[in-house]
Structures are given as C-alpha cells and as structure tokens.
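Student: See structure10.cif below, with mmCIF, C-alpha atoms; chains and numbers go by the auth columns.
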```cif
data_final
#
loop_
_atom_site.group_PDB
_atom_site.id
_atom_site.type_symbol
_atom_site.label_atom_id
_atom_site.label_comp_id
_atom_site.label_asym_id
_atom_site.label_seq_id
_atom_site.Cartn_x
_atom_site.Cartn_y
_atom_site.Cartn_z
_atom_site.B_iso_or_equiv
_atom_site.auth_seq_id
_atom_site.auth_asym_id
ATOM 1 C CA LEU A 1 0.621 19.519 -22.042 0.00 24 A
ATOM 2 C CA GLY A 2 0.252 22.506 -24.340 0.00 25 A
ATOM 3 C CA LYS A 3 3.669 23.874 -23.428 0.00 26 A
ATOM 4 C CA GLN A 4 5.340 20.420 -23.347 0.00 27 A
ATOM 5 C CA THR A 5 7.031 21.338 -20.076 0.00 28 A
ATOM 6 C CA LEU A 6 7.297 19.852 -16.627 0.00 29 A
ATOM 7 C CA GLU A 7 7.415 22.387 -13.811 0.00 30 A
ATOM 8 C CA LEU A 8 8.716 21.312 -10.423 0.00 31 A
ATOM 9 C CA ARG A 9 7.124 23.446 -7.730 0.00 32 A
ATOM 10 C CA ASP A 10 7.308 23.878 -4.006 0.00 33 A
ATOM 11 C CA GLY A 11 3.945 25.410 -3.280 0.00 34 A
ATOM 12 C CA LYS A 12 3.670 28.361 -5.657 0.00 35 A
ATOM 13 C CA ARG A 13 7.451 28.657 -6.112 0.00 36 A
ATOM 14 C CA THR A 14 8.845 27.143 -9.333 0.00 37 A
ATOM 15 C CA ILE A 15 12.070 25.257 -8.643 0.00 38 A
ATOM 16 C CA ALA A 16 12.828 23.989 -12.161 0.00 39 A
ATOM 17 C CA VAL A 17 11.295 23.780 -15.629 0.00 40 A
ATOM 18 C CA PHE A 18 12.104 20.917 -18.005 0.00 41 A
ATOM 19 C CA SER A 19 11.241 20.379 -21.652 0.00 42 A
ATOM 20 C CA VAL A 20 9.296 17.126 -22.145 0.00 43 A
ATOM 21 C CA SER A 21 7.497 15.120 -24.798 0.00 44 A
ATOM 22 C CA THR A 22 4.019 13.789 -24.029 0.00 45 A
ATOM 23 C CA ALA A 23 1.726 11.625 -26.154 0.00 46 A
ATOM 24 C CA LYS A 24 1.683 11.946 -29.903 0.00 47 A
ATOM 25 C CA ASN A 25 -2.045 11.106 -29.632 0.00 48 A
ATOM 26 C CA GLY A 26 -2.659 14.011 -27.242 0.00 49 A
ATOM 27 C CA PRO A 27 -4.441 13.924 -23.900 0.00 50 A
ATOM 28 C CA GLY A 28 -6.708 11.082 -22.861 0.00 51 A
ATOM 29 C CA GLU A 29 -7.238 8.562 -20.138 0.00 52 A
ATOM 30 C CA ARG A 30 -8.544 5.369 -21.779 0.00 53 A
ATOM 31 C CA ASN A 31 -6.508 2.182 -21.732 0.00 54 A
ATOM 32 C CA GLY A 32 -5.058 1.495 -25.184 0.00 55 A
ATOM 33 C CA SER A 33 -5.388 5.124 -26.325 0.00 56 A
ATOM 34 C CA GLU A 34 -1.643 5.881 -26.156 0.00 57 A
ATOM 35 C CA CYS A 35 -2.666 9.284 -24.783 0.00 58 A
ATOM 36 C CA THR A 36 -1.238 11.140 -21.790 0.00 59 A
ATOM 37 C CA PRO A 37 -3.709 11.048 -18.887 0.00 60 A
ATOM 38 C CA ARG A 38 -4.784 14.307 -17.304 0.00 61 A
ATOM 39 C CA GLY A 39 -5.479 15.134 -13.699 0.00 62 A
ATOM 40 C CA ARG A 40 -3.823 14.569 -10.361 0.00 63 A
ATOM 41 C CA HIS A 41 -1.398 11.694 -9.962 0.00 64 A
ATOM 42 C CA ARG A 42 1.184 10.666 -7.411 0.00 65 A
ATOM 43 C CA VAL A 43 4.600 9.115 -7.873 0.00 66 A
ATOM 44 C CA CYS A 44 3.916 5.584 -6.669 0.00 67 A
ATOM 45 C CA GLU A 45 7.342 4.112 -7.384 0.00 68 A
ATOM 46 C CA LYS A 46 10.828 5.350 -8.242 0.00 69 A
ATOM 47 C CA ILE A 47 12.901 2.942 -10.337 0.00 70 A
ATOM 48 C CA GLY A 48 16.525 3.101 -11.481 0.00 71 A
ATOM 49 C CA HIS A 49 18.242 4.930 -8.617 0.00 72 A
ATOM 50 C CA SER A 50 21.838 3.961 -9.406 0.00 73 A
ATOM 51 C CA LEU A 51 21.596 3.280 -13.148 0.00 74 A
ATOM 52 C CA PRO A 52 23.862 5.161 -15.558 0.00 75 A
ATOM 53 C CA GLU A 53 22.369 7.670 -17.978 0.00 76 A
ATOM 54 C CA GLY A 54 21.019 5.877 -21.023 0.00 77 A
ATOM 55 C CA ALA A 55 20.405 2.569 -19.191 0.00 78 A
ATOM 56 C CA VAL A 56 17.614 0.657 -20.958 0.00 79 A
ATOM 57 C CA LEU A 57 14.660 -0.561 -18.889 0.00 80 A
ATOM 58 C CA VAL A 58 12.120 -3.138 -20.050 0.00 81 A
ATOM 59 C CA SER A 59 9.203 -3.985 -17.766 0.00 82 A
ATOM 60 C CA ARG A 60 10.852 -1.698 -15.193 0.00 83 A
ATOM 61 C CA GLU A 61 14.009 -3.841 -15.104 0.00 84 A
ATOM 62 C CA PRO A 62 17.435 -2.818 -16.452 0.00 85 A
ATOM 63 C CA THR A 63 18.531 -4.901 -19.443 0.00 86 A
ATOM 64 C CA GLY A 64 22.230 -4.110 -19.110 0.00 87 A
ATOM 65 C CA GLU A 65 22.118 -2.133 -22.373 0.00 88 A
ATOM 66 C CA ILE A 66 23.028 1.527 -22.726 0.00 89 A
ATOM 67 C CA CYS A 67 21.137 3.362 -25.447 0.00 90 A
ATOM 68 C CA THR A 68 23.408 5.276 -27.807 0.00 91 A
ATOM 69 C CA SER A 69 22.585 7.140 -31.012 0.00 92 A
ATOM 70 C CA GLU A 70 23.582 3.997 -32.908 0.00 93 A
ATOM 71 C CA THR A 71 21.312 1.653 -30.908 0.00 94 A
ATOM 72 C CA TYR A 72 18.472 4.174 -31.170 0.00 95 A
ATOM 73 C CA ARG A 73 18.815 4.334 -34.972 0.00 96 A
ATOM 74 C CA SER A 74 19.091 0.539 -35.246 0.00 97 A
ATOM 75 C CA CYS A 75 15.641 0.021 -33.667 0.00 98 A
ATOM 76 C CA PRO A 76 13.237 2.483 -35.303 0.00 99 A
ATOM 77 C CA GLY A 77 9.847 2.553 -33.659 0.00 100 A
ATOM 78 C CA ARG A 78 11.039 1.084 -30.347 0.00 101 A
ATOM 79 C CA ASP A 79 9.545 2.891 -27.353 0.00 102 A
ATOM 80 C CA TRP A 80 12.717 3.478 -25.342 0.00 103 A
ATOM 81 C CA ILE A 81 12.438 3.808 -21.562 0.00 104 A
ATOM 82 C CA LEU A 82 15.781 4.954 -20.205 0.00 105 A
ATOM 83 C CA THR A 83 17.694 5.932 -17.077 0.00 106 A
ATOM 84 C CA ARG A 84 14.944 6.476 -14.462 0.00 107 A
ATOM 85 C CA ILE A 85 11.230 5.824 -14.055 0.00 108 A
ATOM 86 C CA LEU A 86 8.784 7.771 -11.937 0.00 109 A
ATOM 87 C CA TRP A 87 5.687 5.537 -12.112 0.00 110 A
ATOM 88 C CA LEU A 88 2.439 7.531 -11.886 0.00 111 A
ATOM 89 C CA ASP A 89 -0.743 6.435 -10.137 0.00 112 A
ATOM 90 C CA GLY A 90 -3.906 8.435 -10.767 0.00 113 A
ATOM 91 C CA VAL A 91 -5.706 9.616 -7.647 0.00 114 A
ATOM 92 C CA GLU A 92 -9.026 10.688 -9.227 0.00 115 A
ATOM 93 C CA PRO A 93 -11.469 7.737 -9.305 0.00 116 A
ATOM 94 C CA GLY A 94 -13.181 7.438 -12.676 0.00 117 A
ATOM 95 C CA ARG A 95 -10.862 9.983 -14.280 0.00 118 A
ATOM 96 C CA ASN A 96 -7.390 8.427 -14.000 0.00 119 A
ATOM 97 C CA HIS A 97 -7.852 5.774 -11.310 0.00 120 A
ATOM 98 C CA GLY A 98 -9.726 2.495 -11.638 0.00 121 A
ATOM 99 C CA GLY A 99 -11.441 0.710 -14.510 0.00 122 A
ATOM 100 C CA ASP A 100 -10.227 1.427 -18.038 0.00 123 A
ATOM 101 C CA VAL A 101 -8.742 4.822 -17.101 0.00 124 A
ATOM 102 C CA ASP A 102 -6.199 3.643 -14.518 0.00 125 A
ATOM 103 C CA SER A 103 -2.867 5.397 -15.098 0.00 126 A
ATOM 104 C CA ARG A 104 -0.877 2.920 -13.007 0.00 127 A
ATOM 105 C CA SER A 105 -2.194 -0.146 -14.850 0.00 128 A
ATOM 106 C CA ARG A 106 -1.514 1.710 -18.124 0.00 129 A
ATOM 107 C CA TYR A 107 2.142 1.968 -17.006 0.00 130 A
ATOM 108 C CA ILE A 108 2.251 5.746 -17.306 0.00 131 A
ATOM 109 C CA TYR A 109 5.721 6.979 -16.362 0.00 132 A
ATOM 110 C CA ILE A 110 7.920 10.020 -16.355 0.00 133 A
ATOM 111 C CA HIS A 111 11.090 8.540 -17.856 0.00 134 A
ATOM 112 C CA GLY A 112 14.277 9.215 -19.777 0.00 135 A
ATOM 113 C CA ALA A 113 14.453 9.049 -23.561 0.00 136 A
ATOM 114 C CA PRO A 114 17.200 8.793 -26.187 0.00 137 A
ATOM 115 C CA ASP A 115 19.091 12.001 -26.883 0.00 138 A
ATOM 116 C CA ASP A 116 17.868 11.889 -30.498 0.00 139 A
ATOM 117 C CA VAL A 117 14.192 12.050 -29.442 0.00 140 A
ATOM 118 C CA PRO A 118 12.833 15.599 -29.806 0.00 141 A
ATOM 119 C CA MET A 119 11.596 17.358 -26.682 0.00 142 A
ATOM 120 C CA GLY A 120 9.076 20.181 -26.658 0.00 143 A
ATOM 121 C CA VAL A 121 6.781 18.347 -29.095 0.00 144 A
ATOM 122 C CA PRO A 122 4.322 15.486 -28.542 0.00 145 A
ATOM 123 C CA GLY A 123 5.759 12.102 -29.535 0.00 146 A
ATOM 124 C CA SER A 124 5.381 9.499 -26.778 0.00 147 A
ATOM 125 C CA HIS A 125 3.012 6.556 -26.443 0.00 148 A
ATOM 126 C CA GLY A 126 1.371 8.167 -23.379 0.00 149 A
ATOM 127 C CA CYS A 127 4.239 8.681 -20.960 0.00 150 A
ATOM 128 C CA VAL A 128 6.103 11.887 -20.182 0.00 151 A
ATOM 129 C CA ARG A 129 9.558 11.663 -21.785 0.00 152 A
ATOM 130 C CA MET A 130 12.507 13.707 -20.558 0.00 153 A
ATOM 131 C CA ARG A 131 16.184 14.131 -21.350 0.00 154 A
ATOM 132 C CA ASN A 132 18.228 11.637 -19.334 0.00 155 A
ATOM 133 C CA ALA A 133 20.110 14.300 -17.349 0.00 156 A
ATOM 134 C CA ASP A 134 16.812 16.045 -16.589 0.00 157 A
ATOM 135 C CA VAL A 135 15.049 12.901 -15.368 0.00 158 A
ATOM 136 C CA CYS A 136 18.057 12.151 -13.130 0.00 159 A
ATOM 137 C CA ALA A 137 17.813 15.636 -11.621 0.00 160 A
ATOM 138 C CA LEU A 138 14.044 15.361 -11.130 0.00 161 A
ATOM 139 C CA PHE A 139 14.373 11.848 -9.672 0.00 162 A
ATOM 140 C CA ASP A 140 16.711 13.168 -6.976 0.00 163 A
ATOM 141 C CA LEU A 141 14.356 16.040 -6.093 0.00 164 A
ATOM 142 C CA VAL A 142 11.081 14.136 -5.617 0.00 165 A
ATOM 143 C CA ASP A 143 9.937 11.349 -3.325 0.00 166 A
ATOM 144 C CA GLU A 144 7.426 8.559 -3.709 0.00 167 A
ATOM 145 C CA GLY A 145 4.086 10.145 -2.933 0.00 168 A
ATOM 146 C CA THR A 146 4.933 13.431 -4.672 0.00 169 A
ATOM 147 C CA LEU A 147 1.829 14.811 -6.381 0.00 170 A
ATOM 148 C CA VAL A 148 1.891 15.367 -10.149 0.00 171 A
ATOM 149 C CA ASP A 149 -0.774 17.420 -11.935 0.00 172 A
ATOM 150 C CA ILE A 150 -1.021 16.854 -15.680 0.00 173 A
ATOM 151 C CA VAL A 151 -2.903 19.783 -17.188 0.00 174 A
ATOM 152 C CA GLU A 152 -3.726 21.070 -20.662 0.00 175 A
#
```
How would this structure read if it were set down as structure tokens?
Tutor:
Amino acid sequence: LGKQTLELRDGKRTIAVFSVSTAKNGPGERNGSECTPRGRHRVCEKIGHSLPEGAVLVSREPTGEICTSETYRSCPGRDWILTRILWLDGVEPGRNHGGDVDSRSRYIYIHGAPDDVPMGVPGSHGCVRMRNADVCALFDLVDEGTLVDIVE
C-alpha cells in the first residue's frame, strides 16, 4: 500500500511490478469505510475475459460502453470499473473474512480504471485500480484461487 504497487511473484521471484491506486481513505477492513483491506486474500472470481480495454462493468456485468477520456470527464465522481475484475475474498476470519470485515461482500476488486485516473497515489473507494493494459496482463497470468497479500 505504501508504494502503491502490485508485485506479481512466483515464490520469491518477482515476475512483474505494476503501479496501482488503492483507497483514498487508506487501509482498513470495515464495511462502508471505503478503505483497502489488508491481509491475505484469494482471487475468487475472474470477470471480463474477452472484453475490450476500457469496457465498462456495473455490478460485474458489461454495459456495452467503452470509457474514453470524454466519457470519464462527463461523469465526475463516478467510480469506474473497467476492462477486467479480479474479485478478492479475504481468507483471514475476523480480519478480512466474515462479519463486517468481509472483503468479498464489500466487493473488493483488482480492476481497470480510466486512463485519466492517476496511478501511484491513493484514490480509489477501496479497490485496487490498475491501468487497463496492466490489468489485462495480470488477468492472463493469474488463476482463480491465486493468493493476494495486501500489505502496508
């Protein structure tokens, strides 16, 4: 979280490093906090396999829209979820799984964001935002069940 990066690793070997944007409100696990939850998670669902870059998703379904700079500017404040979703499920009971700290029921994703959204600085509503090309690359490299550690 401090570096605003996502590191893809195979054991101790780093395969790729991506710039991301996590929660503007910082780290936290509580429902409604709009914070990025810490701890161990797993990718419980991959959504958007064949969608084009910039495809808009609402409630995990494609709308048929493609987000451009113009559509992004026309809807200030909209929390854009684009291109691909890696839905995260916490695996630590009481920390990020179950009750009011459940990452899956909070709809915490790794997902694409508009090109105009800054990376490398906190700005999301709790999710991990990535550039569309980066989330496509990551999506193709991980499987459902892949473990994700979100650390400060």
Student: At a cut-off of 12 Å, using only C-alpha atoms, what residues contact stretch 46-55 of chain A? Leave out same-chain residues fewer than 5 positions from it and give the result as a PDB file with C-alpha atoms, in the coordinates of the input.
Tutor:
```pdb
ATOM      1  CA  LEU A  24       0.621  19.519 -22.042  1.00  0.00           C
ATOM      2  CA  GLY A  25       0.252  22.506 -24.340  1.00  0.00           C
ATOM      3  CA  GLN A  27       5.340  20.420 -23.347  1.00  0.00           C
ATOM      4  CA  PRO A  60      -3.709  11.048 -18.887  1.00  0.00           C
ATOM      5  CA  ARG A  61      -4.784  14.307 -17.304  1.00  0.00           C
ATOM      6  CA  GLY A  62      -5.479  15.134 -13.699  1.00  0.00           C
ATOM      7  CA  ARG A  63      -3.823  14.569 -10.361  1.00  0.00           C
ATOM      8  CA  ASP A 102       9.545   2.891 -27.353  1.00  0.00           C
ATOM      9  CA  GLY A 113      -3.906   8.435 -10.767  1.00  0.00           C
ATOM     10  CA  GLU A 115      -9.026  10.688  -9.227  1.00  0.00           C
ATOM     11  CA  PRO A 116     -11.469   7.737  -9.305  1.00  0.00           C
ATOM     12  CA  GLY A 117     -13.181   7.438 -12.676  1.00  0.00           C
ATOM     13  CA  ARG A 118     -10.862   9.983 -14.280  1.00  0.00           C
ATOM     14  CA  ASN A 119      -7.390   8.427 -14.000  1.00  0.00           C
ATOM     15  CA  HIS A 120      -7.852   5.774 -11.310  1.00  0.00           C
ATOM     16  CA  GLY A 121      -9.726   2.495 -11.638  1.00  0.00           C
ATOM     17  CA  GLY A 122     -11.441   0.710 -14.510  1.00  0.00           C
ATOM     18  CA  ASP A 123     -10.227   1.427 -18.038  1.00  0.00           C
ATOM     19  CA  VAL A 124      -8.742   4.822 -17.101  1.00  0.00           C
ATOM     20  CA  ASP A 125      -6.199   3.643 -14.518  1.00  0.00           C
ATOM     21  CA  SER A 126      -2.867   5.397 -15.098  1.00  0.00           C
ATOM     22  CA  ARG A 127      -0.877   2.920 -13.007  1.00  0.00           C
ATOM     23  CA  SER A 128      -2.194  -0.146 -14.850  1.00  0.00           C
ATOM     24  CA  ARG A 129      -1.514   1.710 -18.124  1.00  0.00           C
ATOM     25  CA  TYR A 130       2.142   1.968 -17.006  1.00  0.00           C
ATOM     26  CA  ILE A 131       2.251   5.746 -17.306  1.00  0.00           C
ATOM     27  CA  TYR A 132       5.721   6.979 -16.362  1.00  0.00           C
ATOM     28  CA  ILE A 133       7.920  10.020 -16.355  1.00  0.00           C
ATOM     29  CA  PRO A 141      12.833  15.599 -29.806  1.00  0.00           C
ATOM     30  CA  MET A 142      11.596  17.358 -26.682  1.00  0.00           C
ATOM     31  CA  GLY A 143       9.076  20.181 -26.658  1.00  0.00           C
ATOM     32  CA  VAL A 144       6.781  18.347 -29.095  1.00  0.00           C
ATOM     33  CA  PRO A 145       4.322  15.486 -28.542  1.00  0.00           C
ATOM     34  CA  GLY A 146       5.759  12.102 -29.535  1.00  0.00           C
ATOM     35  CA  SER A 147       5.381   9.499 -26.778  1.00  0.00           C
ATOM     36  CA  HIS A 148       3.012   6.556 -26.443  1.00  0.00           C
ATOM     37  CA  GLY A 149       1.371   8.167 -23.379  1.00  0.00           C
ATOM     38  CA  CYS A 150       4.239   8.681 -20.960  1.00  0.00           C
ATOM     39  CA  VAL A 151       6.103  11.887 -20.182  1.00  0.00           C
ATOM     40  CA  ARG A 152       9.558  11.663 -21.785  1.00  0.00           C
ATOM     41  CA  ILE A 173      -1.021  16.854 -15.680  1.00  0.00           C
ATOM     42  CA  VAL A 174      -2.903  19.783 -17.188  1.00  0.00           C
ATOM     43  CA  GLU A 175      -3.726  21.070 -20.662  1.00  0.00           C
TER      44      GLU A 175
END
```
Student: The residues within 12 Å of (24.1, -2.5, -22.3), using all atoms listed in the file and the coordinates of the file, should be reported as a PyMOL selection string; which are they?
Tutor: chain A and resi 74-80+85-91+94+105-106
Student: Could you work out an axis-aligned box for stretch 46-50 of chain A, taking every atom the file lists and adding 4 Å on each side, and report centre and edge lengths in Å to one decimal, as AutoDock Vina command-line options?
Tutor:
```
--center_x -1.4 --center_y 12.6 --center_z -26.9 --size_x 14.2 --size_y 10.9 --size_z 14.0
```
Student: Which residues are close to stretch 70-73 of chain A, i.e. within 7 Å by only C-alpha atoms, leaving aside same-chain residues fewer than 6 positions away? Reply as a tab-separated table (two decimals) with C-alpha atoms, keeping the file's coordinate frame.
Tutor:
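Written file, result_1.tsv:
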```tsv
chain	number	residue	atom	x	y	z
A	106	THR	CA	17.69	5.93	-17.08
A	107	ARG	CA	14.94	6.48	-14.46
A	108	ILE	CA	11.23	5.82	-14.06
A	109	LEU	CA	8.78	7.77	-11.94
```
Student: If we count all atoms listed in the file and set the cut-off at 12 Å, which residues sit around A:Gly168, ignoring sequence neighbours fewer than 2 positions away in its own chain? Please answer as an MDAnalysis selection string.
Tutor: chainID A and resid 63:69 109:114 165:166 170:171
Student: With all atoms listed in the file as the basis for distance, which of A:Thr28, A:Ser92, A:Thr169, A:Ser82 is at the shortest distance from A:Val140?
Tutor: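 Closest to A:Val140 of all the choices is A:Ser92.
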Student: Any idea what the distance is between atom CA of A:Ala136 and atom CA of A:Ile38?
Tutor: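 One can read the atom CA of A:Ala136 to atom CA of A:Ile38 distance as 22.2 Å.
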Student: Counting all atoms listed in the file, which residue out of A:Val81, A:Gly34, A:Asp139, A:Cys58 sits closest to A:Asn155?
Tutor: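 Counting all atoms listed in the file, the residue closest to A:Asn155 is A:Asp139.
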Student: Could you check how far atom CA of A:Arg83 sits from atom CA of A:Pro137, in Å to one decimal?
Tutor: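 These atoms are spaced 16.5 Å apart.
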Student: By how many Å are atom CA of A:Glu84 and atom CA of A:Ser42 apart?
Tutor: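 We find that atom CA of A:Glu84 and atom CA of A:Ser42 lie 25.2 Å from each other.
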